[in-house]
$ cat target_26.txt   # compact mmCIF, C-alpha atoms
# COMPACT_ATOMS: atom_id res chain seq x y z
CA MET H 1 53.87 76.13 87.33
CA ASP H 2 55.51 78.98 85.38
CA TRP H 3 59.10 77.78 85.74
CA PHE H 4 60.66 80.52 83.63
CA LYS H 5 59.06 83.25 85.70
CA LEU H 6 59.82 81.46 88.95
CA SER H 7 63.53 81.08 88.18
CA LEU H 8 63.84 84.81 87.46
CA GLN H 9 61.76 85.84 90.48
CA LEU H 10 63.84 83.64 92.80
CA ASN H 11 66.86 85.65 91.63
CA GLN H 12 65.01 88.94 92.20
CA PHE H 13 64.58 89.83 88.54
CA PRO H 14 61.28 91.77 88.07
CA ILE H 15 59.99 89.75 85.12
CA ASN H 16 56.32 90.74 85.54
CA ARG H 17 57.20 94.46 85.41
CA ALA H 18 59.52 93.79 82.46
CA MET H 19 56.77 92.00 80.50
CA ARG H 20 54.34 94.85 81.14
CA SER H 21 56.98 97.35 79.98
CA LEU H 22 57.65 95.34 76.84
CA GLU H 23 53.94 95.39 75.97
CA GLN H 24 53.86 99.17 76.48
CA ILE H 25 56.91 99.65 74.25
CA GLN H 26 55.45 97.45 71.52
CA SER H 27 52.20 99.44 71.61
CA ILE H 28 53.99 102.67 70.61
CA PRO H 29 52.74 103.67 67.12
CA ASP H 30 55.17 103.41 64.22
CA ASP H 31 55.17 107.17 63.60
CA LEU H 32 56.19 107.87 67.23
CA TYR H 33 58.77 105.09 67.58
CA ALA H 34 61.81 107.04 66.37
CA GLU H 35 61.02 109.65 69.03
CA TYR H 36 60.88 106.91 71.71
CA VAL H 37 64.27 105.52 70.67
CA SER H 38 65.86 108.98 70.47
CA GLU H 39 64.59 109.87 73.95
CA LYS H 40 65.78 106.61 75.51
CA LYS H 41 69.27 106.61 74.01
CA LEU H 42 70.00 110.17 75.12
CA LYS H 43 68.50 109.46 78.54
CA ILE H 44 70.78 106.46 79.15
CA VAL H 45 73.83 108.51 78.14
CA GLN H 46 72.83 111.26 80.54
CA TYR H 47 72.26 108.75 83.32
CA HIS H 48 75.77 107.29 83.03
CA LEU H 49 77.38 110.71 82.74
CA GLU H 50 75.78 111.57 86.10
CA HIS H 51 76.18 108.23 87.91
CA ASN H 52 79.15 106.44 86.36
CA ALA H 53 82.69 107.75 86.88
CA PHE H 54 84.13 105.36 84.28
CA TYR H 55 81.76 106.62 81.60
CA LYS H 56 82.32 110.24 82.52
CA ASP H 57 86.05 109.72 81.97
CA PHE H 58 85.35 107.79 78.78
CA PHE H 59 83.26 110.65 77.36
CA PRO H 60 85.12 113.79 78.57
CA GLU H 61 83.72 115.98 75.79
CA ALA H 62 80.13 115.51 76.96
CA GLY H 63 79.85 118.64 79.08
CA LYS H 64 81.43 121.02 76.58
CA THR H 65 78.55 121.25 74.11
CA SER H 66 74.92 120.20 73.83
CA LEU H 67 74.62 116.42 73.63
CA ASN H 68 74.48 115.16 70.04
CA TRP H 69 74.31 111.42 69.38
CA GLU H 70 77.01 111.59 66.70
CA ASP H 71 79.45 112.90 69.33
CA VAL H 72 78.92 109.93 71.66
CA PRO H 73 82.11 107.81 71.46
CA VAL H 74 82.06 104.18 70.32
CA MET H 75 83.01 101.69 73.03
CA ARG H 76 85.23 98.75 72.12
CA LYS H 77 85.71 95.54 74.06
CA LYS H 78 89.26 96.52 74.99
CA ASP H 79 87.88 99.67 76.66
CA LEU H 80 85.99 97.41 79.08
CA GLN H 81 88.90 95.18 80.05
CA GLN H 82 89.42 96.61 83.50
CA PRO H 83 88.02 95.53 86.88
CA LEU H 84 84.22 95.64 86.95
CA LYS H 85 84.13 97.68 90.17
CA TYR H 86 85.58 100.65 88.27
CA ARG H 87 82.91 100.42 85.55
CA MET H 88 79.70 100.07 87.57
CA SER H 89 77.36 102.95 88.31
CA LYS H 90 77.51 104.31 91.85
CA ASP H 91 74.14 102.90 92.98
CA PHE H 92 74.99 99.33 91.91
CA SER H 93 77.24 96.51 93.09
CA ARG H 94 77.88 92.89 92.18
CA LYS H 95 75.21 91.87 94.69
CA SER H 96 72.53 94.23 93.39
CA ALA H 97 73.05 93.54 89.66
CA TYR H 98 73.32 90.62 87.28
CA VAL H 99 76.99 89.89 86.55
CA GLY H 100 78.15 87.84 83.56
CA LYS H 101 81.18 87.21 81.39
CA THR H 102 81.49 87.31 77.61
CA SER H 103 82.64 84.14 75.85
CA GLY H 104 85.89 85.70 74.65
CA SER H 105 85.39 84.48 71.08
CA SER H 106 86.42 87.94 69.88
CA GLY H 107 89.71 87.72 71.74
CA HIS H 108 88.62 90.41 74.23
CA PRO H 109 86.67 88.75 77.08
CA PHE H 110 85.42 90.90 79.93
CA ILE H 111 83.01 90.81 82.88
CA PHE H 112 79.88 92.95 82.58
CA ALA H 113 76.89 93.91 84.71
CA LYS H 114 73.20 94.53 83.98
CA ASP H 115 70.70 96.00 86.38
CA ARG H 116 67.99 93.55 87.33
CA PHE H 117 65.23 95.25 85.35
CA ALA H 118 67.35 95.40 82.18
CA HIS H 119 68.16 91.70 82.52
CA ALA H 120 64.49 90.84 83.05
CA LEU H 121 63.56 92.93 80.01
CA SER H 122 66.05 90.96 77.91
CA TRP H 123 64.38 87.71 78.96
CA ALA H 124 60.93 89.15 78.27
CA GLY H 125 62.16 89.79 74.74
CA PHE H 126 63.30 86.19 74.30
CA GLN H 127 59.95 84.95 75.64
CA ASP H 128 58.10 87.19 73.18
CA ARG H 129 60.06 85.97 70.13
CA TYR H 130 59.87 82.31 71.06
CA LYS H 131 56.08 82.59 71.25
CA TRP H 132 56.10 83.38 67.52
CA TYR H 133 56.73 79.65 67.08
CA GLY H 134 54.59 78.27 69.89
CA ILE H 135 57.45 77.98 72.38
CA ASP H 136 56.63 79.02 75.96
CA LEU H 137 59.67 79.34 78.22
CA ASN H 138 57.42 78.55 81.19
CA LYS H 139 56.29 75.19 79.81
CA SER H 140 58.34 74.10 76.77
CA LEU H 141 61.16 71.58 77.34
CA GLN H 142 64.47 72.55 75.72
CA ALA H 143 67.21 70.25 74.42
CA ARG H 144 70.19 72.49 75.11
CA PHE H 145 73.33 72.03 72.97
CA TYR H 146 75.79 74.20 74.85
CA GLY H 147 78.97 73.83 76.83
CA ILE H 148 78.92 73.71 80.62
CA PRO H 149 81.38 74.92 83.29
CA LEU H 150 83.71 72.11 84.33
CA ASP H 151 84.53 73.40 87.82
CA PHE H 152 82.44 71.84 90.59
CA TYR H 153 80.56 74.95 91.75
CA GLY H 154 79.90 76.30 88.24
CA ASN H 155 78.78 72.88 87.02
CA ILE H 156 76.30 72.37 89.86
CA GLN H 157 74.98 75.92 89.53
CA GLU H 158 74.38 75.54 85.79
CA LYS H 159 72.66 72.18 86.19
CA LEU H 160 70.36 73.66 88.83
CA LYS H 161 69.49 76.56 86.51
CA ASP H 162 68.81 74.08 83.72
CA ARG H 163 66.46 72.05 85.90
CA ILE H 164 64.44 75.08 87.01
CA SER H 165 64.38 76.59 83.51
CA LEU H 166 63.13 73.42 81.75
CA ARG H 167 66.43 72.88 79.96
CA ARG H 168 68.12 69.52 79.50
CA ARG H 169 71.80 69.81 78.70
CA PHE H 170 73.51 67.92 75.86
CA ASN H 171 77.23 68.16 76.51
CA ILE H 172 78.86 69.29 73.26
CA PHE H 173 82.41 68.72 74.44
CA ASP H 174 81.97 65.08 73.42
CA LEU H 175 80.31 64.69 70.02
CA SER H 176 81.46 61.17 69.24
CA GLU H 177 79.04 58.80 67.49
CA GLU H 178 78.69 56.82 70.71
CA LYS H 179 77.63 59.96 72.53
CA MET H 180 75.20 61.02 69.82
CA GLU H 181 73.56 57.59 69.96
CA LYS H 182 72.83 58.43 73.59
CA PHE H 183 71.48 61.82 72.45
CA LEU H 184 69.02 59.99 70.21
CA THR H 185 67.92 57.76 73.10
CA ARG H 186 67.15 60.85 75.19
CA PHE H 187 64.99 62.27 72.37
CA ARG H 188 63.10 58.98 72.09
CA GLN H 189 62.39 59.01 75.82
CA SER H 190 61.61 62.73 76.34
CA ASP H 191 58.99 65.21 75.15
CA PHE H 192 61.34 67.91 73.93
CA ASP H 193 59.64 70.93 72.37
CA TYR H 194 62.73 72.48 70.79
CA LEU H 195 66.49 72.34 70.34
CA ASN H 196 68.61 75.36 71.18
CA GLY H 197 72.36 75.80 70.93
CA TYR H 198 75.51 76.42 68.97
CA THR H 199 75.20 75.97 65.23
CA SER H 200 78.24 73.71 64.78
CA ALA H 201 77.19 71.22 67.45
CA ILE H 202 73.59 70.98 66.26
CA LEU H 203 74.76 70.65 62.65
CA LEU H 204 76.98 67.71 63.59
CA PHE H 205 74.02 66.05 65.31
CA ALA H 206 71.87 66.68 62.20
CA LYS H 207 74.50 65.03 59.99
CA PHE H 208 74.61 62.03 62.33
CA ILE H 209 70.81 61.67 62.13
CA SER H 210 70.91 62.02 58.34
CA ASP H 211 73.56 59.30 58.04
CA LYS H 212 71.35 57.02 60.13
CA GLY H 213 68.36 57.69 57.88
CA TYR H 214 66.21 59.06 60.71
CA VAL H 215 64.00 62.13 61.05
CA LEU H 216 64.18 63.43 64.61
CA LYS H 217 60.52 64.50 64.81
CA GLU H 218 59.47 60.92 64.03
CA LEU H 219 61.47 59.78 67.07
CA CYS H 220 60.32 62.73 69.21
CA PRO H 221 56.83 63.80 67.97
CA SER H 222 56.59 66.71 70.44
CA LEU H 223 59.44 68.55 68.66
CA LYS H 224 58.40 71.91 67.12
CA LEU H 225 61.50 73.97 66.44
CA CYS H 226 65.29 74.27 66.34
CA ILE H 227 66.98 77.56 67.30
CA VAL H 228 70.67 78.03 66.47
CA THR H 229 72.84 80.82 67.78
CA SER H 230 76.38 82.21 68.23
CA GLU H 231 77.89 80.76 65.02
CA LYS H 232 77.12 81.44 61.37
CA LEU H 233 74.42 79.29 59.79
CA PHE H 234 74.90 78.61 56.08
CA GLU H 235 71.80 78.10 53.92
CA LYS H 236 72.91 74.62 52.84
CA ASP H 237 73.36 73.59 56.48
CA GLN H 238 69.97 75.02 57.43
CA LYS H 239 68.28 72.86 54.79
CA LEU H 240 70.14 69.76 55.99
CA MET H 241 69.06 70.44 59.58
CA GLU H 242 65.43 70.97 58.61
CA THR H 243 65.42 67.71 56.66
CA SER H 244 67.10 65.77 59.49
CA PHE H 245 64.98 67.25 62.28
CA GLY H 246 61.65 67.61 60.44
CA VAL H 247 61.05 71.06 62.01
CA PRO H 248 61.90 74.69 61.10
CA VAL H 249 65.43 75.88 61.93
CA ILE H 250 65.54 79.50 63.11
CA ASN H 251 68.45 81.92 63.38
CA GLU H 252 68.91 83.76 66.66
CA TYR H 253 71.50 86.53 67.04
CA GLY H 254 72.41 87.60 70.52
CA ALA H 255 75.24 88.34 72.92
CA SER H 256 75.41 87.78 76.65
CA GLU H 257 76.33 91.39 77.39
CA VAL H 258 73.32 92.93 75.59
CA GLY H 259 70.81 90.07 75.21
CA LEU H 260 68.70 89.33 72.13
CA ILE H 261 69.84 91.31 69.07
CA ALA H 262 67.78 89.78 66.24
CA PHE H 263 65.45 86.85 65.65
CA GLU H 264 64.23 85.26 62.43
CA ASP H 265 60.49 85.54 61.73
CA HIS H 266 58.19 83.31 59.68
CA HIS H 267 59.17 85.15 56.49
CA GLY H 268 62.88 84.50 56.95
CA ASP H 269 63.60 88.11 58.01
CA TRP H 270 65.93 88.82 60.94
CA ILE H 271 63.92 91.26 63.03
CA VAL H 272 66.18 93.43 65.16
CA ASN H 273 65.26 93.93 68.81
CA SER H 274 64.36 97.63 68.87
CA GLU H 275 62.51 97.52 72.20
CA ASP H 276 65.49 97.66 74.58
CA LEU H 277 68.41 97.97 72.13
CA TYR H 278 69.44 100.49 69.50
CA LEU H 279 71.50 99.01 66.66
CA GLU H 280 73.64 101.05 64.26
CA ILE H 281 75.86 100.10 61.33
CA LEU H 282 79.00 102.26 61.25
CA ASP H 283 81.95 102.58 58.90
CA GLU H 284 85.57 102.45 60.08
CA ASN H 285 85.48 106.16 60.90
CA GLY H 286 82.44 105.84 63.14
CA LYS H 287 79.98 107.33 60.65
CA VAL H 288 76.48 105.85 60.33
CA LEU H 289 76.06 103.96 57.07
CA PRO H 290 72.88 104.05 54.96
CA HIS H 291 70.67 100.96 55.01
CA GLY H 292 72.01 98.40 52.54
CA GLU H 293 75.70 99.07 53.24
CA GLU H 294 77.88 96.71 55.28
CA GLY H 295 79.69 97.90 58.38
CA ARG H 296 80.38 97.42 62.08
CA VAL H 297 77.52 96.44 64.40
CA VAL H 298 77.29 98.98 67.24
CA ILE H 299 74.67 98.52 69.97
CA THR H 300 73.26 100.65 72.75
CA SER H 301 71.47 99.01 75.68
CA LEU H 302 68.69 101.49 76.39
CA TYR H 303 67.85 100.30 79.92
CA ASN H 304 71.08 99.06 81.49
CA ARG H 305 71.85 101.52 84.28
CA ALA H 306 74.30 99.28 86.14
CA HIS H 307 76.95 99.41 83.41
CA PRO H 308 77.23 101.51 80.23
CA MET H 309 76.76 99.61 76.98
CA ILE H 310 76.51 102.70 74.81
CA ARG H 311 77.50 102.64 71.14
CA TYR H 312 79.20 99.35 71.94
CA ASP H 313 81.10 97.76 69.04
CA ILE H 314 80.17 94.12 69.43
CA GLY H 315 82.82 92.91 66.96
CA ASP H 316 80.53 91.84 64.09
CA THR H 317 79.94 93.17 60.60
CA ALA H 318 76.44 93.31 59.13
CA THR H 319 73.96 95.10 56.88
CA LEU H 320 70.54 96.57 57.68
CA SER H 321 67.88 96.05 55.02
CA GLU H 322 66.63 99.06 53.10
CA LYS H 323 63.11 98.16 54.22
CA SER H 324 64.05 98.77 57.88
CA THR H 325 62.04 101.21 59.97
CA ALA H 326 62.67 102.64 63.44
CA LYS H 327 60.25 100.15 64.99
CA LYS H 328 61.13 97.20 62.77
CA PRO H 329 64.79 97.19 61.72
CA VAL H 330 65.64 94.15 59.59
CA LEU H 331 69.10 92.61 59.58
CA GLU H 332 69.75 91.65 55.98
CA LYS H 333 73.20 90.13 56.29
CA LEU H 334 75.47 89.11 59.15
CA ALA H 335 78.92 88.77 57.61
CA GLY H 336 80.88 87.61 60.64
CA ARG H 337 83.32 88.94 63.18
CA THR H 338 85.45 91.95 62.28
CA ASN H 339 88.56 90.15 63.57
CA ASP H 340 88.00 87.06 61.40
CA ILE H 341 90.26 88.14 58.55
CA ALA H 342 93.20 86.57 56.78
CA ARG H 343 96.07 88.93 55.92
CA LEU H 344 98.28 87.57 53.13
CA ALA H 345 101.93 88.21 52.32
CA ASP H 346 101.05 90.32 49.26
CA GLY H 347 98.98 92.68 51.42
CA LYS H 348 95.62 91.21 50.41
CA VAL H 349 92.99 91.01 53.15
CA VAL H 350 90.41 88.20 52.90
CA PRO H 351 87.37 87.81 55.21
CA GLY H 352 87.88 84.61 57.19
CA LEU H 353 84.40 83.30 56.54
CA THR H 354 84.91 83.70 52.78
CA PHE H 355 88.02 81.54 53.07
CA TYR H 356 86.06 79.04 55.13
CA TYR H 357 83.12 79.01 52.73
CA VAL H 358 85.30 78.31 49.65
CA THR H 359 86.83 75.35 51.41
CA LYS H 360 83.52 74.17 52.86
CA THR H 361 81.87 73.64 49.48
CA LEU H 362 84.59 71.25 48.36
CA ILE H 363 85.54 69.58 51.61
CA GLU H 364 81.97 68.42 52.21
CA ASP H 365 81.81 66.85 48.76
CA SER H 366 84.13 64.18 50.14
CA GLY H 367 81.11 62.73 51.90
CA ASN H 368 82.87 61.79 55.13
CA ILE H 369 83.99 65.11 56.64
CA LYS H 370 82.03 65.77 59.83
CA GLU H 371 83.40 69.21 60.63
CA PHE H 372 86.52 71.30 60.09
CA ILE H 373 88.23 74.56 61.00
CA ILE H 374 90.87 76.72 59.33
CA ILE H 375 93.79 78.26 61.23
CA GLN H 376 96.19 80.79 59.73
CA THR H 377 99.63 80.27 61.27
CA LYS H 378 101.72 82.56 59.00
CA LEU H 379 101.04 85.10 56.28
CA ASP H 380 101.31 82.36 53.68
CA THR H 381 100.47 79.26 55.74
CA PHE H 382 97.13 77.77 56.76
CA ARG H 383 96.16 74.59 58.59
CA ILE H 384 92.90 72.77 57.91
CA GLU H 385 91.92 70.54 60.82
CA TYR H 386 89.13 68.11 60.06
CA VAL H 387 87.25 65.19 61.59
CA SER H 388 86.44 62.25 59.29
CA GLU H 389 86.27 58.48 59.18
CA ILE H 390 88.92 58.31 56.46
CA PRO H 391 91.60 60.85 55.43
CA LEU H 392 91.13 63.20 52.50
CA THR H 393 92.58 61.71 49.33
CA GLY H 394 95.35 63.41 47.36
CA GLU H 395 92.83 64.37 44.67
CA GLN H 396 90.48 65.95 47.21
CA GLN H 397 93.33 67.96 48.72
CA THR H 398 94.39 69.12 45.25
CA ASN H 399 90.87 70.31 44.44
CA ILE H 400 90.74 72.28 47.68
CA LEU H 401 94.13 73.86 46.96
CA LYS H 402 92.98 74.89 43.46
CA ALA H 403 89.82 76.51 44.84
CA ILE H 404 91.79 78.41 47.47
CA GLU H 405 94.22 79.61 44.80
CA THR H 406 91.32 80.82 42.63
CA TYR H 407 89.30 82.61 45.31
CA VAL H 408 91.86 83.54 47.98
CA GLY H 409 95.39 83.79 46.62
CA LYS H 410 98.36 82.02 45.08
CA ASP H 411 101.54 80.61 46.64
CA LEU H 412 99.80 79.63 49.87
CA LYS H 413 100.89 76.63 51.93
CA ILE H 414 97.96 74.49 53.14
CA ASN H 415 98.51 71.75 55.70
CA PHE H 416 95.82 69.16 56.36
CA GLU H 417 95.48 67.56 59.80
CA ARG H 418 92.93 64.87 60.52
CA LYS H 419 91.67 64.93 64.14
CA GLU H 420 89.48 62.70 66.25
CA MET H 421 87.82 65.77 67.74
CA LEU H 422 88.13 69.52 67.22
CA LYS H 423 88.98 71.80 70.10
CA ARG H 424 86.14 74.05 71.22
CA SER H 425 86.30 77.17 73.36
CA PRO H 426 85.53 76.86 77.10
CA SER H 427 81.95 77.94 76.31
CA GLY H 428 81.59 75.21 73.68
CA LYS H 429 81.77 77.36 70.55
CA LEU H 430 83.64 76.16 67.48
CA LYS H 431 85.46 79.02 65.79
CA GLN H 432 85.43 78.28 62.06
CA PHE H 433 88.36 80.51 61.16
CA THR H 434 91.18 81.73 63.38
CA SER H 435 94.20 83.85 62.47
CA LEU H 436 97.28 83.52 64.65
CA VAL H 437 99.14 86.16 62.63
$ encode --input "target_26.txt" --output "structure tokens"
Amino acid sequence: MDWFKLSLQLNQFPINRAMRSLEQIQSIPDDLYAEYVSEKKLKIVQYHLEHNAFYKDFFPEAGKTSLNWEDVPVMRKKDLQQPLKYRMSKDFSRKSAYVGKTSGSSGHPFIFAKDRFAHALSWAGFQDRYKWYGIDLNKSLQARFYGIPLDFYGNIQEKLKDRISLRRRFNIFDLSEEKMEKFLTRFRQSDFDYLNGYTSAILLFAKFISDKGYVLKELCPSLKLCIVTSEKLFEKDQKLMETSFGVPVINEYGASEVGLIAFEDHHGDWIVNSEDLYLEILDENGKVLPHGEEGRVVITSLYNRAHPMIRYDIGDTATLSEKSTAKKPVLEKLAGRTNDIARLADGKVVPGLTFYYVTKTLIEDSGNIKEFIIIQTKLDTFRIEYVSEIPLTGEQQTNILKAIETYVGKDLKINFERKEMLKRSPSGKLKQFTSLV
């Protein structure tokens, strides 16, 4: 039984048509691919100008001159924070489209819609990439490290989807050692093909396995792969995971509102999804940056007719490799969220992940820190919350303070708080750096 296909077909998503379309798109020759992308991106703009009152108001200059891509305005998350009924195209409704909600990790959550074909095409893309590593969504059993809705209806609905989609949920809201012992028992008793989930939760499980002296594939021989998503994966952590699990660990980059953005291939390159998305890197003034320069990630969904996702600023910063082509763009560097920055009293601006990384190198040398987060509470004050068996010593805290002074700034107040468990977002994500300023 093809469970993946069945679950989509039961919800009236035309997966067979989507898979045929994906094959046709992938068969377009390299020298004609730029023309395909150009045609599709202008066509989706024209569609929403004709069928979507919200987008017509958003892009009032459209009818005054011939349509040039550079004139198409960039959409931000805050632009979409209004009732969905005002943003949907006239031929679509909540009942006739797929409706979802972003996680809100950027601070700007909103509800979005995708037409059924666009949603099916997104899933066809996931299926295609997973097959690179011998994973078949119709047959491969997934160990799913995600959060789950806690309300009765949402919880039951998600569990039903998991069952049909060959996913077995590992609840990441409780990552105590007792719970992870039970995780291990499930792996011993099940034929899981791959792990999939949030980086921080899977990393914590990998550290637990390492401390126990196990290799997960020896306990679960069917295991082939680990896919991490939604949170930054550091190279050191990737190596630890691969050692603990005994299988490759692959980076996936996606977002619920647009689907798969990039997926790591066998050569370690992040291949951007150019079949149903168009990705640009822009500077702060909205100008396209040359390959190799870091800027804002802006994405156009080429097939979503239910709701415009056109030049949509997803809230991340990244770099496209200089070896990128129209058909095969390569994401060279994903720096993090544009809102993850620390502003200091002297006017200095520090990327939040840089601050986190400086601390990470030293805090993990303690040997007993399981995970930690950094919260900026004032311009000169930061709180480091960490989970460990024993508190950081005075010497360890001093070393961390010295490193922060060297790489971030002087005269900063750092408070350390040991926790039994770190607070995750409702979706289960762990935000590594947060500024409350």
$ residues_near_point --input "target_26.txt" --point "(80.2, 100.9, 56.8)" --cutoff "10 Å" --atoms "all atoms listed in the file" --output "PyMOL selection string"
chain H and resi 280-297+317-319
$ closest_residue --input "target_26.txt" --among "H:Leu22, H:Leu160, H:Leu216, H:Ile250" --to "H:Val228" --atoms "all atoms listed in the file"
H:Ile250
$ atom_distance --input "target_26.txt" --atom1 "atom CA of H:Ile164" --atom2 "atom CA of H:Trp3"
6.1 Å
$ residues_near_point --input "target_26.txt" --point "(57.7, 66.2, 63.8)" --cutoff "12 Å" --atoms "all atoms listed in the file" --output "JSON, numbers by chain"
{"H": [187, 191, 192, 193, 194, 214, 215, 216, 217, 218, 219, 220, 221, 222, 223, 224, 225, 226, 242, 243, 244, 245, 246, 247, 248]}
$ closest_residue --input "target_26.txt" --among "H:Asp57, H:Glu322, H:Glu231, H:Glu332" --to "H:Glu264" --atoms "only C-alpha atoms"
H:Glu332
$ closest_residue --input "target_26.txt" --among "H:Ser21, H:Ser89, H:Ser176, H:Ser321" --to "H:Pro308" --atoms "all atoms listed in the file"
H:Ser89
$ closest_residue --input "target_26.txt" --among "H:Ile15, H:Ala262, H:Ile400, H:Met309" --to "H:Tyr47" --atoms "all atoms listed in the file"
H:Met309
$ residues_around --input "target_26.txt" --residues "H:Ala143" --least-positions-apart "6" --cutoff "7 Å" --atoms "only C-alpha atoms" --output "list in words"
Arg167, Arg168, Arg169, Phe170, Phe192, Tyr194, Leu195 and Asn196 of chain H
$ build_atoms --input "target_26.txt" --residues "stretch 69-81 of chain H" --atoms "N, CA, C and O atoms" --output "PDB file, keeping the file's coordinate frame"
ATOM      1  N   TRP H  69      74.028 112.857  69.428  1.00  0.00           N
ATOM      2  CA  TRP H  69      74.310 111.420  69.380  1.00  0.00           C
ATOM      3  C   TRP H  69      75.590 111.112  68.595  1.00  0.00           C
ATOM      4  O   TRP H  69      76.350 110.227  68.964  1.00  0.00           O
ATOM      5  N   GLU H  70      75.840 111.845  67.530  1.00  0.00           N
ATOM      6  CA  GLU H  70      77.010 111.590  66.700  1.00  0.00           C
ATOM      7  C   GLU H  70      78.318 111.825  67.457  1.00  0.00           C
ATOM      8  O   GLU H  70      79.375 111.321  67.068  1.00  0.00           O
ATOM      9  N   ASP H  71      78.246 112.607  68.549  1.00  0.00           N
ATOM     10  CA  ASP H  71      79.450 112.900  69.330  1.00  0.00           C
ATOM     11  C   ASP H  71      79.720 111.852  70.408  1.00  0.00           C
ATOM     12  O   ASP H  71      80.792 111.855  71.022  1.00  0.00           O
ATOM     13  N   VAL H  72      78.754 110.967  70.636  1.00  0.00           N
ATOM     14  CA  VAL H  72      78.920 109.930  71.660  1.00  0.00           C
ATOM     15  C   VAL H  72      79.962 108.928  71.168  1.00  0.00           C
ATOM     16  O   VAL H  72      79.825 108.376  70.069  1.00  0.00           O
ATOM     17  N   PRO H  73      81.033 108.686  71.933  1.00  0.00           N
ATOM     18  CA  PRO H  73      82.110 107.810  71.460  1.00  0.00           C
ATOM     19  C   PRO H  73      81.688 106.343  71.392  1.00  0.00           C
ATOM     20  O   PRO H  73      80.829 105.889  72.152  1.00  0.00           O
ATOM     21  N   VAL H  74      82.301 105.617  70.471  1.00  0.00           N
ATOM     22  CA  VAL H  74      82.060 104.180  70.320  1.00  0.00           C
ATOM     23  C   VAL H  74      82.913 103.425  71.329  1.00  0.00           C
ATOM     24  O   VAL H  74      84.113 103.697  71.483  1.00  0.00           O
ATOM     25  N   MET H  75      82.298 102.499  72.038  1.00  0.00           N
ATOM     26  CA  MET H  75      83.010 101.690  73.030  1.00  0.00           C
ATOM     27  C   MET H  75      83.471 100.386  72.370  1.00  0.00           C
ATOM     28  O   MET H  75      82.691  99.723  71.676  1.00  0.00           O
ATOM     29  N   ARG H  76      84.713 100.014  72.612  1.00  0.00           N
ATOM     30  CA  ARG H  76      85.230  98.750  72.120  1.00  0.00           C
ATOM     31  C   ARG H  76      85.460  97.807  73.294  1.00  0.00           C
ATOM     32  O   ARG H  76      85.568  98.250  74.445  1.00  0.00           O
ATOM     33  N   LYS H  77      85.550  96.529  72.992  1.00  0.00           N
ATOM     34  CA  LYS H  77      85.710  95.540  74.060  1.00  0.00           C
ATOM     35  C   LYS H  77      86.959  95.824  74.896  1.00  0.00           C
ATOM     36  O   LYS H  77      86.946  95.660  76.117  1.00  0.00           O
ATOM     37  N   LYS H  78      88.023  96.251  74.255  1.00  0.00           N
ATOM     38  CA  LYS H  78      89.260  96.520  74.990  1.00  0.00           C
ATOM     39  C   LYS H  78      89.091  97.658  75.996  1.00  0.00           C
ATOM     40  O   LYS H  78      89.800  97.727  77.009  1.00  0.00           O
ATOM     41  N   ASP H  79      88.148  98.574  75.719  1.00  0.00           N
ATOM     42  CA  ASP H  79      87.880  99.670  76.660  1.00  0.00           C
ATOM     43  C   ASP H  79      87.293  99.159  77.975  1.00  0.00           C
ATOM     44  O   ASP H  79      87.363  99.838  79.001  1.00  0.00           O
ATOM     45  N   LEU H  80      86.685  97.960  77.915  1.00  0.00           N
ATOM     46  CA  LEU H  80      85.990  97.410  79.080  1.00  0.00           C
ATOM     47  C   LEU H  80      86.808  96.365  79.817  1.00  0.00           C
ATOM     48  O   LEU H  80      86.314  95.742  80.754  1.00  0.00           O
ATOM     49  N   GLN H  81      88.052  96.182  79.398  1.00  0.00           N
ATOM     50  CA  GLN H  81      88.900  95.180  80.050  1.00  0.00           C
ATOM     51  C   GLN H  81      89.659  95.793  81.223  1.00  0.00           C
ATOM     52  O   GLN H  81      90.868  95.950  81.205  1.00  0.00           O
TER      53      GLN H  81
END
